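Structure file final37.txt (compact mmCIF, C-alpha atoms and all ligand atoms) is printed below.
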```txt
# COMPACT_ATOMS: atom_id res chain seq x y z
CA MET A 1 -11.53 -3.76 -30.47
CA ARG A 2 -11.10 -7.37 -31.55
CA ASN A 3 -7.34 -6.93 -31.59
CA LEU A 4 -7.60 -5.26 -28.26
CA LEU A 5 -9.49 -8.19 -26.76
CA LEU A 6 -7.00 -10.61 -28.25
CA LEU A 7 -4.17 -8.62 -26.75
CA SER A 8 -5.93 -8.59 -23.40
CA ALA A 9 -6.59 -12.30 -23.48
CA LEU A 10 -2.90 -12.84 -24.20
CA TRP A 11 -2.10 -10.62 -21.28
CA LEU A 12 -4.25 -12.27 -18.68
CA PRO A 13 -2.35 -15.26 -17.37
CA ALA A 14 0.94 -13.44 -16.99
CA ASP A 15 0.42 -11.64 -13.68
CA ALA A 16 -1.55 -13.84 -11.35
CA LEU A 17 -0.75 -12.13 -8.06
CA ALA A 18 -1.39 -8.56 -6.90
CA CYS A 19 -3.84 -5.86 -7.91
CA GLY A 20 -5.08 -5.51 -11.48
CA GLN A 21 -4.53 -2.35 -13.52
CA SER A 22 -7.89 -0.71 -13.00
CA THR A 23 -7.59 -1.30 -9.26
CA HIS A 24 -4.17 0.39 -9.33
CA ILE A 25 -5.56 3.41 -11.17
CA TRP A 26 -8.45 3.70 -8.68
CA ILE A 27 -6.13 3.40 -5.65
CA GLY A 28 -3.86 6.18 -6.96
CA LEU A 29 -6.78 8.53 -7.64
CA HIS A 30 -8.36 7.67 -4.30
CA ALA A 31 -5.04 8.35 -2.52
CA ILE A 32 -5.13 11.96 -3.79
CA GLU A 33 -8.37 12.43 -1.84
CA HIS A 34 -6.60 11.24 1.29
CA LEU A 35 -3.82 13.84 1.01
CA PRO A 36 -4.06 16.82 3.34
CA PRO A 37 -4.39 20.23 1.64
CA GLY A 38 -1.02 21.47 0.37
CA GLU A 39 1.49 21.42 -2.46
CA LEU A 40 1.43 17.67 -3.00
CA LYS A 41 -2.36 17.48 -3.20
CA ASP A 42 -2.39 20.51 -5.53
CA LEU A 43 0.22 18.86 -7.76
CA LEU A 44 -1.67 15.59 -8.14
CA SER A 45 -5.02 17.35 -8.54
CA ASP A 46 -3.73 19.10 -11.68
CA PRO A 47 -5.20 17.14 -14.64
CA ALA A 48 -1.91 17.02 -16.60
CA MET A 49 0.02 15.79 -13.56
CA GLN A 50 -2.77 13.33 -12.76
CA THR A 51 -2.33 11.79 -16.22
CA LEU A 52 1.32 11.16 -15.35
CA GLU A 53 0.41 9.72 -11.97
CA ILE A 54 -2.10 7.37 -13.63
CA ASN A 55 0.48 6.26 -16.20
CA GLY A 56 2.98 5.71 -13.38
CA SER A 57 0.44 3.72 -11.38
CA MET A 58 0.08 1.29 -14.30
CA PHE A 59 3.68 1.28 -15.52
CA PRO A 60 5.29 -1.46 -13.35
CA ASP A 61 3.08 -4.27 -14.66
CA GLY A 62 3.98 -3.51 -18.29
CA GLY A 63 7.06 -5.68 -17.93
CA TYR A 64 4.87 -8.74 -17.28
CA SER A 65 2.97 -8.42 -20.55
CA PRO A 66 3.49 -11.44 -22.81
CA LEU A 67 4.48 -8.86 -25.41
CA THR A 68 7.40 -7.58 -23.32
CA GLN A 69 8.48 -10.05 -20.61
CA ASP A 70 11.09 -7.57 -19.46
CA ALA A 71 12.58 -7.05 -16.00
CA TYR A 72 11.98 -3.28 -16.18
CA GLY A 73 8.50 -3.93 -14.78
CA GLU A 74 9.60 -5.87 -11.73
CA ASP A 75 12.26 -3.22 -10.98
CA ALA A 76 9.70 -0.43 -11.20
CA HIS A 77 7.64 -2.04 -8.42
CA TRP A 78 10.33 -1.59 -5.80
CA GLU A 79 11.85 1.20 -3.79
CA PRO A 80 15.46 0.75 -5.00
CA PHE A 81 14.50 1.69 -8.57
CA GLN A 82 12.04 4.36 -7.41
CA THR A 83 14.82 5.77 -5.22
CA ALA A 84 17.20 5.78 -8.20
CA TRP A 85 14.59 7.84 -10.09
CA MET A 86 14.10 10.21 -7.16
CA ASN A 87 17.87 10.63 -6.72
CA TRP A 88 18.15 11.41 -10.43
CA VAL A 89 15.37 14.01 -10.08
CA MET A 90 17.17 15.62 -7.12
CA ASP A 91 20.52 15.59 -8.95
CA THR A 92 19.05 16.96 -12.17
CA TYR A 93 16.70 19.74 -11.15
CA PRO A 94 17.27 22.70 -8.84
CA GLN A 95 14.66 23.51 -6.21
CA PRO A 96 12.02 24.86 -6.18
CA TYR A 97 11.14 22.25 -8.77
CA SER A 98 10.15 23.29 -12.28
CA ASP A 99 7.01 21.93 -13.96
CA GLU A 100 9.20 19.42 -15.81
CA ALA A 101 10.67 18.15 -12.54
CA LEU A 102 7.21 17.99 -10.97
CA ALA A 103 5.96 15.95 -13.93
CA ASP A 104 8.79 13.44 -13.38
CA ILE A 105 7.85 13.36 -9.70
CA ALA A 106 4.15 12.79 -10.45
CA PHE A 107 5.06 9.81 -12.60
CA ILE A 108 7.20 8.13 -9.95
CA LEU A 109 4.56 8.77 -7.28
CA GLY A 110 2.24 6.68 -9.45
CA ALA A 111 4.76 3.85 -9.68
CA ALA A 112 5.37 4.06 -5.93
CA ALA A 113 1.61 3.84 -5.32
CA HIS A 114 1.55 0.69 -7.44
CA GLY A 115 4.44 -0.96 -5.61
CA MET A 116 3.10 -0.09 -2.17
CA ALA A 117 -0.42 -1.25 -3.06
CA ASP A 118 0.88 -4.59 -4.36
CA GLN A 119 2.98 -5.17 -1.25
CA ALA A 120 0.21 -4.39 1.21
CA TYR A 121 -2.56 -6.08 -0.81
CA ASP A 122 -0.54 -9.28 -1.20
CA GLY A 123 0.88 -9.34 2.31
CA VAL A 124 -2.24 -8.35 4.21
CA PHE A 125 -5.37 -8.96 2.07
CA LEU A 126 -4.38 -11.92 -0.08
CA THR A 127 -2.89 -13.78 2.89
CA ARG A 128 -6.46 -13.68 4.25
CA SER A 129 -7.94 -14.70 0.89
CA LEU A 130 -5.74 -17.80 0.86
CA ILE A 131 -7.43 -18.82 4.11
CA TYR A 132 -10.98 -17.54 3.65
CA ASP A 133 -11.37 -18.31 -0.07
CA GLY A 134 -9.18 -21.37 0.39
CA PRO A 135 -6.41 -22.77 -1.81
CA GLU A 136 -8.73 -24.25 -4.46
CA PRO A 137 -9.62 -21.04 -6.36
CA TRP A 138 -6.01 -19.97 -6.09
CA ALA A 139 -4.95 -23.13 -7.89
CA ASN A 140 -7.52 -22.74 -10.65
CA TYR A 141 -8.30 -19.09 -11.28
CA ASN A 142 -6.58 -15.78 -11.90
CA SER A 143 -7.12 -13.75 -8.73
CA ASP A 144 -5.76 -10.41 -9.92
CA HIS A 145 -7.96 -10.35 -13.02
CA THR A 146 -11.06 -11.63 -11.24
CA THR A 147 -10.79 -9.12 -8.41
CA ASP A 148 -9.97 -6.31 -10.88
CA VAL A 149 -13.18 -6.97 -12.83
CA VAL A 150 -15.31 -7.23 -9.69
CA PHE A 151 -13.78 -4.09 -8.23
CA VAL A 152 -14.52 -2.16 -11.44
CA SER A 153 -18.12 -3.38 -11.27
CA GLN A 154 -18.24 -1.75 -7.82
CA VAL A 155 -16.33 1.51 -8.41
CA GLY A 156 -16.83 2.03 -12.15
CA PRO A 157 -14.48 1.82 -15.16
CA GLN A 158 -11.18 3.63 -14.80
CA PRO A 159 -9.92 6.38 -17.13
CA GLN A 160 -7.87 5.73 -20.22
CA VAL A 161 -5.00 8.18 -20.40
CA ASP A 162 -2.61 9.35 -23.10
CA ASP A 163 0.59 7.32 -22.77
CA GLU A 164 2.55 9.86 -24.84
CA THR A 165 3.18 11.71 -21.58
CA VAL A 166 5.19 8.81 -20.12
CA PRO A 167 8.82 10.02 -19.76
CA TYR A 168 10.18 7.05 -21.73
CA ASP A 169 13.57 8.56 -22.65
CA LYS A 170 14.26 9.60 -19.09
CA LEU A 171 13.17 6.17 -17.88
CA ALA A 172 15.61 4.53 -20.28
CA HIS A 173 18.35 6.82 -18.92
CA VAL A 174 17.58 5.96 -15.28
CA TYR A 175 17.38 2.23 -16.08
CA ASP A 176 20.88 2.63 -17.54
CA LEU A 177 22.06 4.33 -14.34
CA TYR A 178 20.35 1.58 -12.34
CA GLY A 179 22.28 -1.05 -14.27
CA ASN A 180 19.33 -2.72 -15.97
CA PRO A 181 19.05 -1.15 -19.42
CA THR A 182 15.70 -1.37 -21.16
CA GLU A 183 14.41 -0.03 -24.45
CA VAL A 184 11.83 2.66 -25.02
CA ARG A 185 9.89 0.51 -27.48
CA THR A 186 9.61 -2.28 -24.90
CA MET A 187 8.19 0.09 -22.31
CA LYS A 188 5.76 1.56 -24.88
CA LEU A 189 4.52 -1.92 -25.72
CA GLY A 190 4.08 -2.63 -22.02
CA GLN A 191 2.03 0.52 -21.50
CA THR A 192 -0.16 -0.30 -24.51
CA SER A 193 -0.81 -3.77 -23.08
CA LEU A 194 -1.90 -2.23 -19.80
CA GLN A 195 -4.31 0.14 -21.48
CA ALA A 196 -5.80 -2.82 -23.32
CA ALA A 197 -6.19 -4.62 -20.00
CA VAL A 198 -8.06 -1.63 -18.54
CA GLN A 199 -10.51 -1.64 -21.49
CA PHE A 200 -10.96 -5.38 -21.37
CA VAL A 201 -11.66 -5.33 -17.63
CA ALA A 202 -14.26 -2.56 -18.08
CA ALA A 203 -16.00 -4.66 -20.76
CA GLU A 204 -16.07 -7.76 -18.56
CA ALA A 205 -17.28 -5.78 -15.54
CA ALA A 206 -20.38 -4.82 -17.56
CA ASP A 207 -21.21 -8.46 -18.32
CA PRO A 208 -23.47 -9.96 -15.59
CA ALA A 209 -22.67 -13.57 -16.51
CA VAL A 210 -18.90 -13.05 -16.30
CA LEU A 211 -19.34 -11.17 -13.07
CA ALA A 212 -21.40 -13.94 -11.50
CA ASP A 213 -18.66 -16.44 -12.36
CA TYR A 214 -15.98 -14.27 -10.81
CA LEU A 215 -17.98 -13.61 -7.64
CA ALA A 216 -18.33 -17.36 -7.19
CA GLN A 217 -14.60 -18.01 -7.74
CA PHE A 218 -13.34 -15.80 -4.89
CA PRO A 219 -16.38 -15.14 -2.68
CA TRP A 220 -14.51 -13.73 0.31
CA SER A 221 -12.11 -11.51 -1.68
CA THR A 222 -14.78 -10.11 -3.94
CA GLU A 223 -17.02 -9.32 -0.98
CA HIS A 224 -14.27 -7.41 0.84
CA LEU A 225 -12.44 -5.55 -1.95
CA ASN A 226 -14.48 -2.45 -1.30
CA ASP A 227 -14.53 -2.82 2.50
CA LYS A 228 -12.25 -0.11 3.85
CA ASP A 229 -12.18 -1.73 7.28
CA MET A 230 -10.67 -4.94 5.91
CA PRO A 231 -6.88 -4.83 6.34
CA GLY A 232 -5.07 -4.48 3.01
CA SER A 233 -8.21 -4.09 0.87
CA PRO A 234 -8.05 -1.80 -2.18
CA ALA A 235 -10.70 0.37 -0.49
CA CYS A 236 -8.36 1.22 2.40
CA MET A 237 -5.17 1.42 0.34
CA GLY A 238 -5.57 5.06 -0.69
CA ALA A 239 -4.88 6.14 2.86
CA VAL A 240 -1.70 4.03 3.01
CA VAL A 241 -0.48 5.35 -0.33
CA ALA A 242 -1.18 8.94 0.72
CA ALA A 243 0.88 8.44 3.88
CA TYR A 244 3.69 6.91 1.81
CA TRP A 245 3.59 9.69 -0.80
CA GLN A 246 4.08 12.29 1.90
CA THR A 247 7.31 10.62 2.98
CA LEU A 248 8.49 10.47 -0.65
CA TRP A 249 7.64 14.15 -1.06
CA ASP A 250 9.65 14.89 2.09
CA ARG A 251 12.58 12.88 0.71
CA LEU A 252 12.42 14.79 -2.57
CA HIS A 253 12.67 18.01 -0.55
CA HIS A 254 15.46 16.77 1.78
CA ASP A 255 12.96 16.98 4.62
CA PHE A 256 12.39 13.35 5.59
CA ASP A 257 12.42 12.56 9.32
CA LYS A 258 13.65 8.97 9.40
CA ASP A 259 12.65 8.47 13.04
CA LYS A 260 9.34 10.32 13.19
CA SER A 261 8.12 8.82 9.92
CA ALA A 262 9.75 5.39 10.23
CA VAL A 263 6.41 3.54 10.28
CA ILE A 264 3.62 4.99 8.15
CA TRP A 265 0.74 2.58 8.70
CA SER A 266 -0.45 -0.33 10.79
CA TRP A 267 -3.23 -2.90 10.83
CA PRO A 268 -4.81 -2.70 13.33
CA PRO A 269 -4.63 1.10 13.57
CA ASP A 270 -2.76 2.62 16.51
CA GLY A 271 -4.88 2.69 19.67
CA SER A 272 -7.45 0.18 18.43
CA PHE A 273 -9.47 -2.23 20.58
CA GLN A 274 -10.98 -5.71 20.35
CA HIS A 275 -8.00 -7.23 18.58
CA GLU A 276 -8.29 -10.97 17.97
CA ARG A 277 -6.55 -12.93 20.72
CA SER A 278 -6.30 -16.41 19.21
CA ALA A 279 -2.89 -17.07 17.66
CA ALA A 280 -4.60 -19.66 15.45
CA SER A 281 -6.52 -16.87 13.64
CA ILE A 282 -4.87 -14.67 11.03
CA GLU A 283 -6.80 -11.79 12.59
CA SER A 284 -4.40 -11.94 15.57
CA GLN A 285 -1.66 -10.82 13.17
CA ILE A 286 -0.24 -7.31 13.25
CA SER A 287 0.87 -5.79 9.97
CA PHE A 288 2.68 -2.52 9.49
CA VAL A 289 4.46 -0.55 6.81
CA PHE A 290 7.92 1.00 6.92
CA ALA A 291 8.42 4.28 5.08
CA ARG A 292 11.73 2.98 3.74
CA ALA A 293 12.39 -0.44 2.20
CA VAL A 294 14.30 -2.38 4.83
CA ASP A 295 17.63 -4.19 4.72
CA GLN A 296 16.35 -7.56 5.93
CA ASP A 297 19.53 -8.37 7.88
CA THR A 298 18.77 -5.46 10.22
CA LEU A 299 15.25 -6.68 11.01
CA THR A 300 16.52 -9.14 13.62
CA PRO A 301 14.25 -11.06 16.05
CA ASP A 302 14.99 -8.35 18.65
CA ALA A 303 14.32 -5.45 16.28
CA ILE A 304 10.60 -5.50 17.11
CA THR A 305 9.17 -6.03 20.58
CA VAL A 306 5.58 -6.36 21.79
CA THR A 307 5.05 -5.58 25.48
CA ASP A 308 2.04 -5.53 27.76
CA GLU A 309 1.13 -2.73 30.20
CA ASP A 310 3.73 -4.05 32.68
CA GLY A 311 6.46 -4.03 30.09
CA VAL A 312 6.50 -7.82 29.82
CA GLU A 313 7.33 -9.02 26.34
CA HIS A 314 4.91 -11.28 24.48
CA PRO A 315 6.75 -13.76 22.22
CA GLN A 316 6.12 -13.17 18.52
CA GLU A 317 7.56 -13.80 15.10
CA HIS A 318 7.87 -11.20 12.40
CA GLY A 319 9.24 -10.77 8.93
CA LEU A 320 9.09 -8.69 5.78
CA TYR A 321 6.36 -10.22 3.62
CA TYR A 322 8.42 -9.71 0.47
CA GLY A 323 11.81 -10.17 2.10
CA ASN A 324 14.83 -7.97 1.59
CA ARG A 325 14.29 -4.39 0.37
CA SER A 326 10.56 -4.34 1.02
CA ASN A 327 8.30 -2.39 3.38
CA VAL A 328 5.46 -4.53 4.77
CA VAL A 329 5.94 -6.52 8.00
CA ASN A 330 3.64 -9.25 9.29
CA LEU A 331 3.95 -10.10 12.98
CA SER A 332 2.22 -13.08 14.62
CA PRO A 333 1.92 -13.89 18.33
CA VAL A 334 3.46 -17.09 19.62
CA GLY A 335 0.62 -18.09 21.94
CA ASP A 336 -2.63 -16.15 22.25
CA TRP A 337 -2.62 -12.47 23.12
CA ALA A 338 -3.84 -12.04 26.72
CA GLU A 339 -7.37 -10.97 27.57
CA ASP A 340 -8.15 -7.26 28.02
CA THR A 341 -4.57 -6.14 27.54
CA THR A 342 -3.05 -3.16 25.77
CA TYR A 343 0.10 -4.08 23.88
CA THR A 344 2.78 -1.77 22.59
CA VAL A 345 4.57 -2.73 19.38
CA THR A 346 7.98 -1.07 19.23
CA VAL A 347 10.44 -0.91 16.38
CA GLN A 348 13.82 -0.65 18.06
CA PRO A 349 16.65 1.58 16.80
CA GLY A 350 18.97 -0.08 14.33
CA VAL A 351 16.54 -1.10 11.60
CA THR A 352 18.12 0.24 8.42
CA SER A 353 16.89 0.93 4.92
CA PHE A 354 18.39 -0.90 1.94
CA ASP A 355 20.49 2.19 1.23
CA GLY A 356 21.83 2.64 4.76
CA VAL A 357 19.41 5.04 6.49
CA GLN A 358 19.25 3.79 10.06
CA ILE A 359 16.36 4.35 12.49
CA GLU A 360 17.85 5.88 15.64
CA ALA A 361 14.81 6.32 17.90
CA PRO A 362 12.20 3.74 18.90
CA THR A 363 8.81 3.94 17.16
CA SER A 364 5.70 2.51 18.80
CA PHE A 365 2.01 1.93 18.33
CA THR A 366 -0.54 0.18 20.52
CA PHE A 367 -3.48 -2.18 20.21
CA SER A 368 -5.76 -3.71 22.80
CA THR A 369 -7.58 -7.00 23.14
CA GLY A 370 -10.07 -5.26 25.46
CA GLU A 371 -13.26 -3.36 24.78
CA PRO A 372 -13.22 0.36 23.97
CA PRO A 373 -14.10 2.61 26.91
CA LYS A 374 -17.82 3.23 27.16
CA VAL A 375 -18.80 6.81 26.48
CA CYS A 376 -21.55 7.91 28.86
CA GLY A 377 -23.41 11.13 28.07
CA CYS A 378 -25.73 11.22 31.08
CA ALA A 379 -25.21 13.47 34.10
CA SER A 380 -26.96 11.25 36.64
CA ASP A 381 -24.63 8.27 36.61
CA GLY A 382 -22.77 9.38 39.69
CA ARG A 383 -19.59 10.04 37.76
CA GLY A 384 -20.21 13.66 37.04
CA GLY A 385 -21.42 13.42 33.41
CA ALA A 386 -19.41 15.93 31.42
CA GLY A 387 -16.48 15.57 33.77
CA PHE A 388 -16.35 11.86 33.01
CA LEU A 389 -16.42 12.61 29.29
CA VAL A 390 -13.51 15.01 29.69
CA ALA A 391 -11.62 12.30 31.55
CA LEU A 392 -12.33 9.84 28.74
CA VAL A 393 -11.10 12.27 26.12
CA ALA A 394 -7.97 12.83 28.18
CA THR A 395 -7.44 9.06 28.39
CA ALA A 396 -7.92 8.73 24.65
CA SER A 397 -5.37 11.46 23.97
CA LEU A 398 -2.84 9.52 26.04
CA ARG A 399 -3.14 6.90 23.35
CA ARG A 400 -1.32 9.30 21.17
CA ARG A 401 -0.24 8.28 17.75
CA ARG A 402 3.38 7.56 18.19
CA PHE A 403 4.06 7.22 14.55
CA THR A 404 3.12 9.77 11.98
CA SER A 405 0.06 8.56 10.16
CA ARG A 406 -0.64 11.63 8.16
CA ALA A 407 -3.36 10.47 5.83
CA PRO A 408 -6.84 11.12 7.18
CA LEU A 409 -9.24 8.22 6.83
CA ALA A 410 -12.05 9.06 4.46
ZN ZN B 501 2.11 -4.96 -9.98
```
If you took the structure in this file and wrote it as C-alpha cells, what would it be?
Ligand SMILES: [Zn+2]
Amino acid sequence: MRNLLLLSALWLPADALACGQSTHIWIGLHAIEHLPPGELKDLLSDPAMQTLEINGSMFPDGGYSPLTQDAYGEDAHWEPFQTAWMNWVMDTYPQPYSDEALADIAFILGAAAHGMADQAYDGVFLTRSLIYDGPEPWANYNSDHTTDVVFVSQVGPQPQVDDETVPYDKLAHVYDLYGNPTEVRTMKLGQTSLQAAVQFVAAEAADPAVLADYLAQFPWSTEHLNDKDMPGSPACMGAVVAAYWQTLWDRLHHDFDKDKSAVIWSWPPDGSFQHERSAASIESQISFVFARAVDQDTLTPDAITVTDEDGVEHPQEHGLYYGNRSNVVNLSPVGDWAEDTTYTVTVQPGVTSFDGVQIEAPTSFTFSTGEPPKVCGCASDGRGGAGFLVALVATASLRRRRFTSRAPLA
C-alpha cells in the first residue's frame, strides 16, 4: 500500500485537465444503463466484457503516468486511433463477430467513452468552472484529481479490475499500423499506474479532512459534478457516451447513417426552453457533439447556421473545442439571443470527418428563449380541456428531434 500511495503521489501532477480515472470508470458503467435493450447493452452487461470496457475506459491516461510518459495515451483518446482499431477489427474478424472480436470491441468502446467524456467535460463543464470557480484554483490546484476524489465521495469507490485482460499484443500491433509504435511493457506500466490512482482516490474520498479541502478548492465544480442537468457534468455524460457508442456499434456493423446520426447530442437539448439570452453569459452558449471527429477545415463559418422562426440568421461564432479531428463544438451568439424566440441550429451539408466521410443532408435542432407552453388540465378554462391538451401534445411533437439522440435520459 505504501508503494501504491507513493506511485499515486508521483502520478498526480501529470494530468491536470479532464476527468480522473474513477470518474471515467463510473461514466462508462453508467453509460451501459443508458443503452436501449439490445445486443450492445447485452454485450457490455456481460461481466467479462465489462472488465474489458473498464480497462479501456482507463487506458488512454496511462500514457501520462510519470512512469511511462508515452504518446500512446494521447493517441488512444482520439477518434483517429480508435478508428484504426475498429478498422483492424473489421478487417480481421468475419461477421457475426466471435467472442474474441467482441472482446476487442468492448475494450475500444471503453477508450472511446474516455475520449468522448474528456472532450465534453473539458469543453462544456470545465469552461464553466473556469468562470464560476475562477482562474485562481486553476492556477494552484489539480482539478482532475480534486474532482475525481469528490465525485467518488458522492458515487462510491470504483471497481478494480484485472488488467491481464487488456489486449496488449493487439494494441501494440495496431499502434504499429497507426505509425506510432509502443511497447507492451510501457502500456502495462501505464495501466498499473491507473489502478493505483483509483485506489488512492478511493482512500482520499474516505478522508473527511481531505474532502473538505477539495470542496473548498473548486466549490462550483464539486457542487455540480453529480448534477445531471449541468451541461458536460460527469452525471450527464453516460447518456452522451451511450449515444456515441451506438454510432460506433453501427460503424462496426457497416450500418452507420452519416446524415441521420451526424449530431449525437446537444446542450441545451433539442426543443428546450428558457435558454439564456445574454451573450455575456456562458449559459447562452450552445454545445453539440458530432458522431464523427471533424476535419476542421470543413467546419467553415457558414457550415453552421442559427435562424429564428422567420428564417433570419442570428450571427454567431463556433469552433471545435479541441480543434482538428475532434467532436465537440461550442457556439456563441454575437449579440444577445432575442426574447421569446425559437432558434434552429443547422449543420449544413459539407462538414466532413477527418477520414473523408461527408455529411450530405442538413441536421437541425432547436432551442427557445421563451417559456415552455403551460399545460392546463382543467375543463372549464374555455379552451376545451382535453382538447387543448391534445393540441399541446401535437405542438410538442412538431418539435421533433431532428437528430438521432438515442440514449434515454435516466
Ligand atoms: Zn484522459
Discussion item. List as a list in words the protein and nucleic acid residues lying within 8 Å of ligand ZN 501 (chain B), with only C-alpha atoms and all ligand atoms counted.
Written reply: Asp15, Leu17, Ala18, Cys19, Gly20, Gln21, Met58, Pro60, Asp61, Glu74, His77, His114, Gly115 and Asp118 of chain A
Worksheet entry | Option closest in space to Ser326 (chain A), from A:Met116, A:Leu126, A:Ala197, A:Ile264 [counting all atoms listed in the file] | A:Met116
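When all atoms listed in the file are used to compute distances to Asp162 (chain A), the closest of the residues A:Met90, A:Gln191, A:Val294, A:Pro315 turns out to be A:Gln191.
Considering the residues A:Ser272, A:Val357, A:Val329, A:Ser281 and counting all atoms listed in the file, Thr369 (chain A) has its shortest atom-to-atom contact with A:Ser272.
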Practice prompt. For CA of Glu183 (chain A) and CA of Lys170 (chain A), determine how far apart the two atoms are, in Å to one decimal place.
Written response: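 Rounded to one decimal, the two atoms are 11.0 Å apart.
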Item to complete: Pick out the closest residue to Thr305 (chain A) from this set: A:Leu52, A:Ala120, A:Val334, A:Val345. Count only C-alpha atoms.
Response: A:Val345
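Interatomic distance, CA of Asn180 (chain A) against CA of Tyr97 (chain A): 27.2 Å.
Between CA of Ser129 (chain A) and CA of Leu109 (chain A) the separation is 27.8 Å.
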Discussion item. Could you check the closest approach to Glu360 (chain A) for each of A:Asp259, A:Glu309, A:Glu317, A:Asp336 and tell me which residue wins, using only C-alpha atoms?
Written reply: A:Asp259
Discussion item. From the options A:Ala235, A:Met49, A:Ala76, A:Ala206, which residue's atoms come nearest to Met187 (chain A), counting only C-alpha atoms?
Written reply: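 Closest residue, counting only C-alpha atoms: A:Ala76.
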